[in-house]
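Encoded as structure tokens, the structure appears first; notes follow it.
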Amino acid sequence: MVERYADRGAAGSALARALDAYAGRDDVVVLALPRGGVPVAFAVARALAAPLDIFVVRKLGAPGHPELAMGAIASGGVRVLNDGVVAHYQPSPHELQRITDLEARELERRERAYRGSRAAIPIAGRIAILVDDGLATGASMRAAVQAVRSLNPSRVVVAVPVGAPDSCRAIAEAADEVVCLLQPDSFDAVGLWYEDFTQTTDAEVRTLLARALPGDPHQSG
């Protein structure tokens, strides 16, 4: 049987070992997908001695089934749709735009809540390592990759502790490199591969981002 991670921090430590080639470089930035990706990315950034920032992505839930992603939006006005899910649920253009606008407002709120007045870390010309706590449908990560590309990084790396095999393979078509440690055939859900999958809070996100500012001792130890 494939072992489970104790928590997101442990998953991040395991992920960092697989990303060791990027340790100690001055052209790397670790981008966390909030909220669950932040504790994972914090451990990665600390191990690699790289700066940490957030990259907010919001799922577009299908009408009547909000847990099912029919697409996602990300910072920079990017929207990615899952054509199969959209074709099945057939939302009207008005409904699709309503859901998009709703999530766009939440995306903006979260960016303000997490980052405050601090400017985003520049990505142009740097290796951007996108980190989440897992990859289910991959819609959020695809949106993130597309949005990050528009910021002209030198390389886009997607790194997750666990993911559905099909999603890990699919995201490889968009990213320059994919690190997906566990790819269980019986994936079902991200949370099943963690002993502790307690929801990450806004306060925890802010705390980890503050601890991970460049020059903080937690970044170099």
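Naming scheme: A, B, ... for chains in displayed order of the structure tokens; residues 1 onward per chain; ligands 1 onward as shown.
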
Q: Identify, on the basis of only C-alpha atoms, every residue whose closest approach to range 132-138 of chain A does not exceed 6 Å; exclude the query and any residue fewer than 5 positions from it along the same chain; express the result as a ChimeraX atom specification.
A: /A:33,36-37,160-164,167,190

Preceding selection exported with C-alpha atoms as a PDB file, in the first residue's frame:
```
ATOM      1  CA  LEU A  33      -2.035  27.732  -4.264  1.00  0.00           C
ATOM      2  CA  GLY A  36      -4.035  24.068   1.412  1.00  0.00           C
ATOM      3  CA  GLY A  37      -0.962  24.487  -0.746  1.00  0.00           C
ATOM      4  CA  VAL A 160       2.415  18.197  -5.643  1.00  0.00           C
ATOM      5  CA  PRO A 161       2.728  15.456  -3.022  1.00  0.00           C
ATOM      6  CA  VAL A 162      -0.117  13.382  -4.518  1.00  0.00           C
ATOM      7  CA  GLY A 163      -2.306  13.425  -7.583  1.00  0.00           C
ATOM      8  CA  ALA A 164      -4.652  11.473  -9.783  1.00  0.00           C
ATOM      9  CA  SER A 167      -4.260  14.667 -13.984  1.00  0.00           C
ATOM     10  CA  VAL A 190      -6.616  14.441  -2.026  1.00  0.00           C
TER      11      VAL A 190
END
```

(Q) Quick check, in Å to one decimal: how far apart do CA of Ala147 in chain A and CA of Val78 in chain A lie? (A) 5.8 Å

Q) How would you write, as a ChimeraX atom specification, the set of residues in range 79-121 of chain A that DSSP gives as alpha helix (DSSP H)? A) /A:83-89,93-115

Q: Any chance you could list, as a PyMOL selection string, the residues in range 119-164 of chain A that come up strand (DSSP E) when DSSP is run on the backbone?
A: chain A and resi 127-131+155-162

Save out the residues we just selected, C-alpha atoms, as a compact mmCIF listing (two decimals), in the first residue's frame.
```txt
# COMPACT_ATOMS: atom_id res chain seq x y z
CA ILE A 127 11.85 29.49 -12.23
CA ALA A 128 8.31 29.38 -10.84
CA ILE A 129 7.51 26.29 -8.75
CA LEU A 130 3.74 25.98 -8.34
CA VAL A 131 2.79 23.95 -5.27
CA ARG A 155 10.47 27.77 -16.40
CA VAL A 156 7.23 26.53 -14.82
CA VAL A 157 7.43 23.56 -12.48
CA VAL A 158 4.33 21.96 -10.96
CA ALA A 159 4.99 20.12 -7.70
CA VAL A 160 2.42 18.20 -5.64
CA PRO A 161 2.73 15.46 -3.02
CA VAL A 162 -0.12 13.38 -4.52
```

Q: Please provide the set of residues having any atom within 9 Å of Thr100 in chain A, restricted to only C-alpha atoms, with same-chain residues fewer than 2 positions apart removed, written as a PyMOL selection string.
A: chain A and resi 60+72-73+79+95-98+102-105
